[in-house]
$ cat work-v8.tsv   # TSV, C-alpha atoms
chain	number	residue	atom	x	y	z
A	696	MET	CA	65.87	-6.42	-12.42
A	697	ALA	CA	67.93	-4.60	-15.04
A	698	ASP	CA	69.95	-7.72	-15.84
A	699	THR	CA	66.78	-9.81	-16.17
A	700	ARG	CA	65.16	-7.34	-18.55
A	701	LYS	CA	68.35	-7.11	-20.57
A	702	ALA	CA	68.61	-10.88	-20.84
A	703	SER	CA	64.98	-11.17	-21.90
A	704	ARG	CA	65.65	-9.18	-25.06
A	705	PHE	CA	67.78	-12.04	-26.33
A	706	ILE	CA	65.50	-14.91	-25.39
A	707	VAL	CA	62.17	-13.87	-26.92
A	708	PRO	CA	62.54	-16.05	-30.04
A	709	VAL	CA	63.99	-18.89	-27.98
A	710	ALA	CA	61.17	-18.71	-25.46
A	711	VAL	CA	58.65	-19.14	-28.27
A	712	ALA	CA	60.45	-22.34	-29.26
A	713	GLY	CA	60.40	-23.58	-25.70
A	714	VAL	CA	56.69	-22.95	-25.26
A	715	ALA	CA	55.88	-24.80	-28.46
A	716	ALA	CA	57.97	-27.75	-27.39
A	717	ALA	CA	56.48	-27.83	-23.94
A	718	THR	CA	52.97	-27.94	-25.36
A	719	ILE	CA	53.76	-30.88	-27.61
A	720	GLY	CA	56.04	-32.59	-25.13
A	721	LEU	CA	53.27	-33.56	-22.68
A	722	VAL	CA	51.41	-35.82	-25.09
A	723	PRO	CA	51.88	-39.53	-24.32
A	724	ALA	CA	53.60	-41.85	-26.79
A	725	LEU	CA	55.41	-45.17	-26.85
A	726	ALA	CA	57.50	-46.94	-29.45
A	727	ALA	CA	55.48	-49.80	-30.87
A	728	SER	CA	56.36	-53.43	-30.31
A	729	GLY	CA	54.61	-56.02	-32.44
A	730	ASP	CA	52.03	-55.53	-35.17
A	731	PRO	CA	48.58	-56.86	-34.16
A	732	ASP	CA	46.23	-58.13	-36.86
A	733	LEU	CA	43.30	-55.71	-36.82
A	734	PRO	CA	40.38	-55.10	-39.22
A	735	GLU	CA	41.21	-52.61	-41.95
A	736	ILE	CA	40.18	-49.03	-41.30
A	737	THR	CA	40.37	-45.84	-43.34
A	738	ALA	CA	41.94	-42.62	-42.10
A	739	GLN	CA	38.50	-40.98	-42.02
A	740	GLN	CA	37.07	-43.83	-39.94
A	741	LEU	CA	40.01	-43.65	-37.54
A	742	ILE	CA	39.57	-39.89	-37.13
A	743	GLU	CA	35.87	-40.46	-36.40
A	744	LYS	CA	36.86	-43.12	-33.87
A	745	ILE	CA	39.08	-40.61	-32.06
A	746	ALA	CA	36.32	-37.99	-32.12
A	747	ALA	CA	33.83	-40.45	-30.63
A	748	SER	CA	36.18	-41.47	-27.82
A	749	ASP	CA	35.04	-40.38	-24.38
A	750	THR	CA	37.64	-41.78	-22.02
A	751	GLN	CA	37.08	-40.25	-18.59
A	752	THR	CA	39.06	-42.58	-16.33
A	753	LEU	CA	42.50	-44.12	-16.52
A	754	SER	CA	45.70	-44.76	-14.63
A	755	GLY	CA	49.12	-45.80	-15.79
A	756	THR	CA	52.78	-45.05	-16.31
A	757	PHE	CA	54.52	-43.49	-19.26
A	758	LYS	CA	57.93	-42.26	-20.30
A	759	ILE	CA	58.60	-39.08	-22.18
A	760	SER	CA	61.75	-38.21	-24.11
A	761	THR	CA	62.25	-34.88	-25.86
A	762	ASP	CA	65.13	-33.77	-28.03
A	763	LEU	CA	64.96	-30.22	-29.36
A	764	GLY	CA	68.57	-30.21	-30.46
A	765	LEU	CA	69.48	-27.54	-27.91
A	766	PRO	CA	72.88	-27.59	-26.22
A	767	LEU	CA	73.04	-29.39	-22.88
A	768	GLY	CA	71.46	-27.28	-20.17
A	769	GLY	CA	70.14	-24.75	-22.66
A	770	LEU	CA	66.52	-24.92	-21.61
A	771	ALA	CA	67.42	-24.78	-17.94
A	772	ASP	CA	69.50	-21.65	-18.54
A	773	LEU	CA	66.66	-20.04	-20.45
A	774	GLY	CA	64.15	-20.89	-17.75
A	775	ALA	CA	66.34	-19.36	-15.08
A	776	LEU	CA	66.84	-16.17	-17.06
A	777	ALA	CA	63.25	-15.81	-18.13
A	778	GLY	CA	61.57	-16.42	-14.82
A	779	GLY	CA	63.88	-17.90	-12.24
A	780	GLY	CA	64.99	-16.33	-9.03
A	781	ASP	CA	61.67	-14.59	-8.35
A	782	GLY	CA	61.20	-16.22	-4.97
A	783	SER	CA	58.34	-18.51	-6.07
A	784	SER	CA	57.97	-22.06	-4.77
A	785	SER	CA	60.08	-24.81	-6.34
A	786	ALA	CA	56.86	-26.85	-6.36
A	787	ASP	CA	55.06	-24.35	-8.64
A	788	PRO	CA	53.89	-26.45	-11.65
A	789	THR	CA	54.50	-23.52	-14.01
A	790	GLU	CA	58.23	-23.93	-13.45
A	791	LYS	CA	58.50	-27.62	-12.56
A	792	LEU	CA	56.78	-29.02	-15.62
A	793	THR	CA	59.19	-27.20	-17.95
A	794	GLU	CA	61.65	-29.95	-17.02
A	795	LEU	CA	59.70	-32.23	-19.35
A	796	VAL	CA	60.90	-30.20	-22.33
A	797	SER	CA	64.27	-31.94	-22.28
A	798	GLY	CA	65.69	-35.35	-21.43
A	799	THR	CA	63.83	-38.51	-20.45
A	800	HIS	CA	61.35	-38.72	-17.59
A	801	THR	CA	59.04	-41.31	-16.07
A	802	LEU	CA	55.58	-40.28	-14.90
A	803	ARG	CA	52.70	-41.97	-13.11
A	804	VAL	CA	49.25	-40.64	-13.92
A	805	ALA	CA	45.63	-41.06	-12.90
A	806	ALA	CA	42.40	-39.38	-13.98
A	807	ASP	CA	38.75	-39.52	-12.97
A	808	GLY	CA	36.82	-37.13	-15.17
A	809	PRO	CA	37.51	-33.41	-15.65
A	810	ASP	CA	37.73	-32.62	-11.93
A	811	ARG	CA	40.35	-35.11	-10.74
A	812	GLN	CA	43.79	-35.75	-12.16
A	813	LYS	CA	47.13	-36.66	-10.65
A	814	LEU	CA	50.63	-36.67	-12.12
A	815	THR	CA	53.74	-37.88	-10.33
A	816	LEU	CA	57.14	-37.20	-11.82
A	817	LEU	CA	59.60	-39.91	-10.83
A	818	ASP	CA	63.24	-38.95	-11.40
A	819	GLY	CA	65.75	-40.81	-9.26
A	820	SER	CA	64.99	-40.79	-5.55
A	821	ASP	CA	63.08	-37.49	-5.74
A	822	GLU	CA	59.37	-37.26	-6.43
A	823	TYR	CA	57.16	-34.44	-7.66
A	824	SER	CA	53.38	-34.75	-7.46
A	825	LEU	CA	50.68	-32.55	-9.00
A	826	VAL	CA	47.09	-33.17	-7.91
A	827	HIS	CA	43.91	-31.53	-9.17
A	828	ASN	CA	40.88	-32.35	-7.03
A	829	GLY	CA	37.82	-30.14	-7.55
A	830	ASP	CA	38.70	-26.51	-6.83
A	831	ASP	CA	42.11	-27.37	-5.41
A	832	VAL	CA	45.43	-27.85	-7.15
A	833	TRP	CA	48.25	-29.18	-4.96
A	834	ALA	CA	51.89	-29.73	-5.91
A	835	TYR	CA	54.65	-31.23	-3.77
A	836	ASP	CA	58.41	-31.33	-4.39
A	837	SER	CA	60.03	-33.95	-2.13
A	838	LYS	CA	63.53	-32.64	-2.82
A	839	SER	CA	62.88	-29.16	-1.43
A	840	LYS	CA	59.97	-30.24	0.81
A	841	GLU	CA	57.86	-27.42	-0.61
A	842	VAL	CA	54.13	-27.42	-1.36
A	843	PHE	CA	52.30	-25.20	-3.84
A	844	HIS	CA	48.52	-24.71	-3.46
A	845	GLU	CA	46.02	-22.99	-5.73
A	846	LYS	CA	42.34	-22.69	-4.82
A	847	GLY	CA	39.22	-21.13	-6.33
A	848	ALA	CA	38.24	-20.29	-9.90
A	849	SER	CA	41.82	-19.82	-11.04
A	850	GLY	CA	42.86	-23.06	-9.39
A	851	ALA	CA	40.06	-24.90	-11.13
A	852	GLN	CA	41.15	-23.40	-14.43
A	853	GLU	CA	44.73	-24.43	-13.81
A	854	GLY	CA	43.51	-27.91	-13.07
A	855	ALA	CA	41.59	-27.88	-16.33
A	856	ASP	CA	44.72	-26.77	-18.15
A	857	VAL	CA	46.69	-29.57	-16.51
A	858	ASP	CA	43.97	-32.00	-17.55
A	859	LYS	CA	44.48	-30.95	-21.17
A	860	GLN	CA	48.18	-31.68	-20.90
A	861	LEU	CA	48.14	-34.93	-18.93
A	862	PRO	CA	47.75	-38.37	-20.47
A	863	ALA	CA	44.30	-38.44	-18.88
A	864	THR	CA	43.12	-36.71	-22.05
A	865	PRO	CA	45.70	-37.29	-24.79
A	866	LYS	CA	42.78	-37.02	-27.19
A	867	ALA	CA	42.97	-33.23	-26.80
A	868	MET	CA	46.26	-32.94	-28.71
A	869	ALA	CA	45.09	-35.29	-31.46
A	870	ASP	CA	41.90	-33.23	-31.79
A	871	GLU	CA	43.90	-30.01	-32.17
A	872	ILE	CA	46.15	-31.50	-34.83
A	873	LEU	CA	43.26	-32.98	-36.79
A	874	LYS	CA	41.26	-29.75	-36.51
A	875	ALA	CA	44.18	-27.81	-37.95
A	876	ALA	CA	44.74	-30.31	-40.75
A	877	GLY	CA	43.56	-29.22	-44.17
A	878	ASP	CA	44.72	-29.21	-47.77
A	879	THR	CA	48.32	-28.81	-46.58
A	880	THR	CA	48.25	-32.13	-44.70
A	881	SER	CA	48.44	-35.80	-45.67
A	882	ILE	CA	46.64	-38.17	-43.27
A	883	THR	CA	46.85	-41.94	-43.70
A	884	VAL	CA	46.70	-45.12	-41.64
A	885	GLY	CA	50.25	-46.38	-41.13
A	886	GLY	CA	49.58	-49.92	-39.98
A	887	THR	CA	49.10	-51.19	-36.44
A	888	ALA	CA	51.10	-51.25	-33.22
A	889	LYS	CA	51.20	-52.70	-29.72
A	890	VAL	CA	51.20	-49.92	-27.10
A	891	ALA	CA	51.35	-50.76	-23.39
A	892	GLY	CA	50.00	-54.21	-24.20
A	893	ARG	CA	47.03	-52.87	-26.16
A	894	ASP	CA	46.22	-53.17	-29.86
A	895	ALA	CA	46.35	-49.86	-31.69
A	896	TYR	CA	46.07	-48.33	-35.14
A	897	GLN	CA	48.69	-45.82	-36.26
A	898	LEU	CA	47.53	-42.54	-37.77
A	899	MET	CA	50.28	-40.94	-39.87
A	900	ILE	CA	50.22	-37.18	-40.40
A	901	LYS	CA	52.66	-35.44	-42.77
A	902	PRO	CA	52.97	-31.93	-44.19
A	903	LYS	CA	52.45	-31.65	-47.93
A	904	GLN	CA	54.34	-28.35	-47.96
A	905	SER	CA	58.10	-28.05	-48.17
A	906	GLY	CA	59.88	-25.86	-45.67
A	907	SER	CA	58.38	-27.29	-42.48
A	908	THR	CA	60.66	-28.69	-39.77
A	909	VAL	CA	58.10	-31.43	-39.10
A	910	GLU	CA	58.75	-34.67	-40.99
A	911	SER	CA	55.80	-36.59	-39.54
A	912	ILE	CA	53.49	-37.05	-36.57
A	913	ARG	CA	52.43	-40.56	-35.65
A	914	ILE	CA	49.48	-41.15	-33.31
A	915	ALA	CA	48.73	-44.66	-32.03
A	916	VAL	CA	45.00	-45.00	-31.36
A	917	ASP	CA	43.61	-47.66	-29.02
A	918	ALA	CA	41.61	-50.04	-31.21
A	919	ALA	CA	38.98	-50.68	-28.53
A	920	THR	CA	38.35	-47.22	-27.07
A	921	GLY	CA	39.59	-44.81	-29.75
A	922	THR	CA	41.84	-43.14	-27.16
A	923	PRO	CA	45.17	-41.87	-28.55
A	924	LEU	CA	47.97	-43.73	-26.75
A	925	LYS	CA	51.01	-42.78	-28.77
A	926	PHE	CA	52.38	-39.52	-30.14
A	927	THR	CA	55.74	-39.35	-31.89
A	928	LEU	CA	56.95	-36.20	-33.64
A	929	ALA	CA	59.88	-36.54	-36.04
A	930	SER	CA	61.95	-33.68	-37.45
A	931	VAL	CA	63.20	-33.34	-41.02
A	932	GLU	CA	66.68	-33.24	-39.49
A	933	GLY	CA	66.37	-36.94	-38.64
A	934	GLY	CA	67.96	-38.55	-35.61
A	935	LYS	CA	66.01	-38.95	-32.40
A	936	PRO	CA	62.36	-37.83	-32.47
A	937	VAL	CA	61.63	-34.38	-31.12
A	938	VAL	CA	59.04	-36.08	-28.92
A	939	ASP	CA	58.97	-39.79	-28.09
A	940	ALA	CA	56.93	-40.42	-24.97
A	941	GLY	CA	54.30	-42.90	-24.00
A	942	PHE	CA	52.45	-45.36	-21.88
A	943	THR	CA	54.27	-48.39	-20.62
A	944	LYS	CA	51.20	-49.37	-18.58
A	945	VAL	CA	47.60	-48.19	-18.89
A	946	ASP	CA	44.31	-49.17	-17.24
A	947	PHE	CA	40.99	-47.56	-18.21
A	948	GLY	CA	39.31	-48.49	-14.93
A	949	LYS	CA	38.21	-45.90	-12.37
A	950	PRO	CA	41.03	-44.97	-9.95
A	951	ALA	CA	40.32	-44.99	-6.21
A	952	ALA	CA	39.03	-41.66	-4.85
A	953	SER	CA	41.87	-41.73	-2.31
A	954	ASP	CA	44.38	-41.40	-5.16
A	955	PHE	CA	43.43	-37.72	-5.41
A	956	ASP	CA	43.58	-36.90	-1.70
A	957	PHE	CA	46.46	-34.68	-0.61
A	958	LYS	CA	47.83	-34.09	2.87
A	959	VAL	CA	50.59	-31.56	3.47
A	960	PRO	CA	53.69	-33.47	4.65
A	961	GLU	CA	54.87	-32.56	8.13
A	962	GLY	CA	57.42	-29.73	8.08
A	963	ALA	CA	56.75	-28.80	4.44
A	964	LYS	CA	56.66	-25.13	3.42
A	965	VAL	CA	53.35	-24.16	1.78
A	966	THR	CA	53.08	-21.40	-0.84
A	967	GLU	CA	49.62	-20.17	-1.78
A	968	GLY	CA	49.17	-19.21	-5.42
A	969	ALA	CA	47.93	-15.70	-6.28
A	970	ALA	CA	44.72	-16.93	-7.89
A	971	GLU	CA	43.19	-13.61	-8.91
A	972	LYS	CA	46.48	-12.27	-10.25
A	973	ASP	CA	47.16	-15.44	-12.21
A	974	ALA	CA	43.63	-15.47	-13.65
A	975	ALA	CA	43.99	-11.88	-14.85
A	976	ALA	CA	47.38	-12.57	-16.39
A	977	GLU	CA	46.10	-15.73	-18.04
A	978	GLN	CA	43.27	-13.84	-19.70
A	979	LYS	CA	45.46	-10.96	-20.77
A	980	LEU	CA	48.13	-13.06	-22.46
A	981	PRO	CA	46.13	-14.23	-25.49
A	982	GLU	CA	44.75	-10.73	-26.04
A	983	ASP	CA	47.94	-8.76	-25.62
A	984	LEU	CA	50.70	-11.26	-26.47
A	985	ALA	CA	52.42	-8.90	-28.88
A	986	LYS	CA	52.35	-6.02	-26.41
A	987	GLU	CA	53.70	-8.21	-23.62
A	988	LEU	CA	56.54	-9.43	-25.80
A	989	GLY	CA	57.22	-5.84	-26.73
A	990	GLY	CA	57.65	-5.01	-23.07
A	991	LEU	CA	60.58	-7.38	-22.71
A	992	GLY	CA	63.07	-4.56	-23.10
A	993	GLY	CA	64.12	-3.59	-26.60
A	994	PHE	CA	61.20	-4.82	-28.69
A	995	GLY	CA	59.10	-1.67	-28.47
A	996	ASP	CA	55.30	-1.70	-28.55
A	997	LEU	CA	54.04	-4.70	-30.52
A	998	GLY	CA	50.42	-4.21	-29.53
A	999	GLU	CA	47.76	-2.64	-31.71
A	1000	GLY	CA	49.43	-1.35	-34.83
A	1001	GLY	CA	52.80	-2.43	-33.46
A	1002	GLY	CA	53.73	-4.95	-36.13
A	1003	LEU	CA	52.50	-8.47	-35.33
A	1004	ASN	CA	51.86	-10.29	-38.61
A	1005	VAL	CA	51.20	-13.88	-39.70
A	1006	ILE	CA	52.79	-15.08	-42.93
A	1007	GLY	CA	51.75	-18.14	-44.91
A	1008	GLU	CA	49.46	-20.98	-43.85
A	1009	GLY	CA	49.45	-24.55	-42.64
A	1010	TRP	CA	52.75	-26.12	-41.65
A	1011	THR	CA	54.81	-23.22	-42.99
A	1012	THR	CA	53.10	-20.44	-41.03
A	1013	ILE	CA	55.54	-17.79	-39.78
A	1014	ALA	CA	54.84	-15.18	-37.10
A	1015	LYS	CA	56.55	-11.84	-37.69
A	1016	LEU	CA	57.16	-9.29	-34.95
A	1017	ASP	CA	58.40	-5.85	-35.92
A	1018	SER	CA	59.73	-3.68	-33.08
A	1019	GLY	CA	60.77	-0.81	-35.30
A	1020	ALA	CA	64.02	-0.61	-33.32
A	1021	PRO	CA	67.46	-2.15	-33.91
A	1022	ALA	CA	68.00	-5.55	-32.28
A	1023	PRO	CA	70.37	-5.72	-29.31
A	1024	LYS	CA	73.91	-6.76	-30.14
A	1025	THR	CA	74.67	-10.33	-29.08
A	1026	ASP	CA	77.99	-9.26	-27.59
A	1027	GLU	CA	75.95	-7.20	-25.13
A	1028	ALA	CA	74.17	-10.31	-23.87
A	1029	PRO	CA	74.69	-11.24	-20.21
A	1030	LYS	CA	77.52	-13.74	-19.82
A	1031	GLU	CA	75.04	-16.34	-18.50
A	1032	ILE	CA	73.56	-16.78	-21.99
A	1033	GLN	CA	76.41	-15.68	-24.25
A	1034	GLY	CA	77.59	-19.28	-24.69
A	1035	LEU	CA	74.04	-20.43	-25.37
A	1036	LEU	CA	73.57	-17.81	-28.07
A	1037	ASP	CA	76.86	-18.79	-29.70
A	1038	SER	CA	76.08	-22.51	-29.63
A	1039	PHE	CA	72.74	-22.47	-31.48
A	1040	GLY	CA	72.64	-19.06	-33.14
A	1041	ASP	CA	73.80	-18.81	-36.79
A	1042	LYS	CA	74.63	-15.53	-38.51
A	1043	VAL	CA	72.79	-15.10	-41.84
A	1044	THR	CA	72.60	-12.48	-44.56
A	1045	GLY	CA	70.25	-11.78	-47.46
A	1046	LYS	CA	68.32	-9.08	-49.26
A	1047	PHE	CA	66.83	-8.16	-45.87
A	1048	GLY	CA	70.29	-7.37	-44.49
A	1049	SER	CA	71.78	-9.48	-41.71
A	1050	GLY	CA	70.63	-11.24	-38.57
A	1051	THR	CA	70.84	-14.34	-36.40
A	1052	VAL	CA	68.85	-17.58	-36.67
A	1053	PHE	CA	68.22	-19.37	-33.38
A	1054	LYS	CA	67.68	-23.03	-34.21
A	1055	THR	CA	66.01	-26.04	-32.62
A	1056	LYS	CA	64.81	-29.23	-34.29
A	1057	LEU	CA	61.23	-27.95	-34.20
A	1058	VAL	CA	60.91	-24.16	-33.98
A	1059	ASN	CA	63.37	-21.68	-35.48
A	1060	ALA	CA	63.54	-17.91	-35.14
A	1061	LEU	CA	65.29	-15.23	-37.21
A	1062	LEU	CA	66.18	-12.01	-35.41
A	1063	THR	CA	67.22	-9.38	-37.95
A	1064	ASP	CA	69.64	-6.62	-37.05
A	1065	ASP	CA	66.94	-4.01	-37.73
A	1066	GLY	CA	64.65	-5.48	-35.05
A	1067	LYS	CA	62.33	-7.86	-36.88
A	1068	VAL	CA	61.66	-11.38	-35.56
A	1069	TYR	CA	60.42	-14.26	-37.76
A	1070	VAL	CA	59.34	-17.39	-35.83
A	1071	GLY	CA	57.88	-20.70	-37.01
A	1072	ALA	CA	58.18	-24.47	-37.22
A	1073	VAL	CA	60.00	-23.92	-40.49
A	1074	THR	CA	63.52	-24.28	-41.81
A	1075	GLN	CA	66.17	-21.58	-41.76
A	1076	ASP	CA	65.79	-21.11	-45.52
A	1077	ALA	CA	62.04	-20.49	-45.11
A	1078	LEU	CA	62.70	-17.77	-42.52
A	1079	VAL	CA	65.32	-16.10	-44.70
A	1080	ASN	CA	63.04	-16.26	-47.74
A	1081	ALA	CA	60.25	-14.58	-45.78
A	1082	ALA	CA	62.59	-11.86	-44.62
A	1083	ASN	CA	63.94	-11.38	-48.15
A	1084	ALA	CA	60.39	-10.99	-49.48
A	1085	GLY	CA	59.85	-8.15	-47.04
A	1086	LYS	CA	56.58	-9.62	-45.85
$ encode --input "work-v8.tsv" --output "structure tokens"
Amino acid sequence: MADTRKASRFIVPVAVAGVAAATIGLVPALAASGDPDLPEITAQQLIEKIAASDTQTLSGTFKISTDLGLPLGGLADLGALAGGGDGSSSADPTEKLTELVSGTHTLRVAADGPDRQKLTLLDGSDEYSLVHNGDDVWAYDSKSKEVFHEKGASGAQEGADVDKQLPATPKAMADEILKAAGDTTSITVGGTAKVAGRDAYQLMIKPKQSGSTVESIRIAVDAATGTPLKFTLASVEGGKPVVDAGFTKVDFGKPAASDFDFKVPEGAKVTEGAAEKDAAAEQKLPEDLAKELGGLGGFGDLGEGGGLNVIGEGWTTIAKLDSGAPAPKTDEAPKEIQGLLDSFGDKVTGKFGSGTVFKTKLVNALLTDDGKVYVGAVTQDALVNAANAGK
């Protein structure tokens, strides 16, 4: 336990980056092929088309590729240090779906309204399935032959959360982005595309502010249904997109009810989820995020009056955490993550003093030597400038 708590002091800013990437990384996308000839449409009309979309049923296959710019195996190492080795089931979706934050994966999906969704992760000869059917959430890992089951109110909520993340409702991510868009955002129609054999418009979203790590977000919207089919997030660093995932096949017909049935395979080990405990933790996290982060050994009490602050607005928003205590020395980090810290942590200095910037292509974090943490989807210079301003 002591080693885990010690390691967690070093991964707080990195964990924030991973969570952000995971949230974005589950939105479907596909590189366009061909430019269909569609009637002209304005950005406002296309946004209204997305808002009016009410796709409840679909099935299909999509690929997802994510590139955060982390060293090989970095996310896996972080996951193991942050929560691994606690004896939970290898089929637990909380852990399994973090695999989507790196590399390329193929998934098969199906959805029938808000109460039934299914996702199957196909990687090599192994298969991982996640099924939400009413009050039950089932997950099966063929490699370990383990089953995870969640039932009741918490299970239903988890299923709802999965529904928000699966391609059954990709509209959810587009809605969040458009809702957050304001004077700091440029939204235009960037032509048309062919996605999974369907005609689509491309909505182009770009920050107007300088200092953001996001170069652009492109959403391909099905011309017939208004359902977002494509989501590609590009970084100002260039190279491969941070997220490039999408449908290769899609059918908006109603899947068979049997698609959502689940039977425990013979000989499989079944782990029951702690529904009440998970529900309580899920509710507490949004309310006491700062305090919980503060409890990760070495960050003090960041709860009420503890130093959580939001700097700026729009695409250059930065979250500041102030522990009031010196940051741990990186040479004290457990050997399991010392190499990881060295490979994507840069030493920086400024009016604020000195510290380390932990960098990905999307979210960066500055940990100052006096215990302050600045985190945002902003460049290293933006973090240093915020620290220098003493905000």
$ closest_residue --input "work-v8.tsv" --among "A:Ser907, A:Asn1059, A:Ser784, A:Thr750" --to "Lys964 (chain A)" --atoms "all atoms listed in the file"
A:Ser784
$ closest_residue --input "work-v8.tsv" --among "A:Ala895, A:Leu802, A:Ala786, A:Ala1084" --to "Thr966 (chain A)" --atoms "only C-alpha atoms"
A:Ala786
$ closest_residue --input "work-v8.tsv" --among "A:Asp1065, A:Asp730, A:Asp1076, A:Asp956" --to "Val1043 (chain A)" --atoms "all atoms listed in the file"
A:Asp1076
$ atom_distance --input "work-v8.tsv" --atom1 "CA of Glu910 (chain A)" --atom2 "CA of Asp878 (chain A)"
16.5 Å
$ residues_around --input "work-v8.tsv" --residues "Gly968 (chain A)" --least-positions-apart "6" --cutoff "7 Å" --atoms "only C-alpha atoms" --output "list in words"
Phe843, His844 and Glu845 of chain A
$ residues_near_point --input "work-v8.tsv" --point "(50.1, -39.4, -42.6)" --cutoff "7 Å" --atoms "all atoms listed in the file" --output "PDB file with C-alpha atoms, keeping the file's coordinate frame"
ATOM      1  CA  SER A 881      48.440 -35.800 -45.670  1.00  0.00           C
ATOM      2  CA  ILE A 882      46.640 -38.170 -43.270  1.00  0.00           C
ATOM      3  CA  THR A 883      46.850 -41.940 -43.700  1.00  0.00           C
ATOM      4  CA  VAL A 884      46.700 -45.120 -41.640  1.00  0.00           C
ATOM      5  CA  LEU A 898      47.530 -42.540 -37.770  1.00  0.00           C
ATOM      6  CA  MET A 899      50.280 -40.940 -39.870  1.00  0.00           C
ATOM      7  CA  ILE A 900      50.220 -37.180 -40.400  1.00  0.00           C
ATOM      8  CA  LYS A 901      52.660 -35.440 -42.770  1.00  0.00           C
TER       9      LYS A 901
END
$ atom_distance --input "work-v8.tsv" --atom1 "CA of Lys1067 (chain A)" --atom2 "CA of Leu1016 (chain A)"
5.7 Å
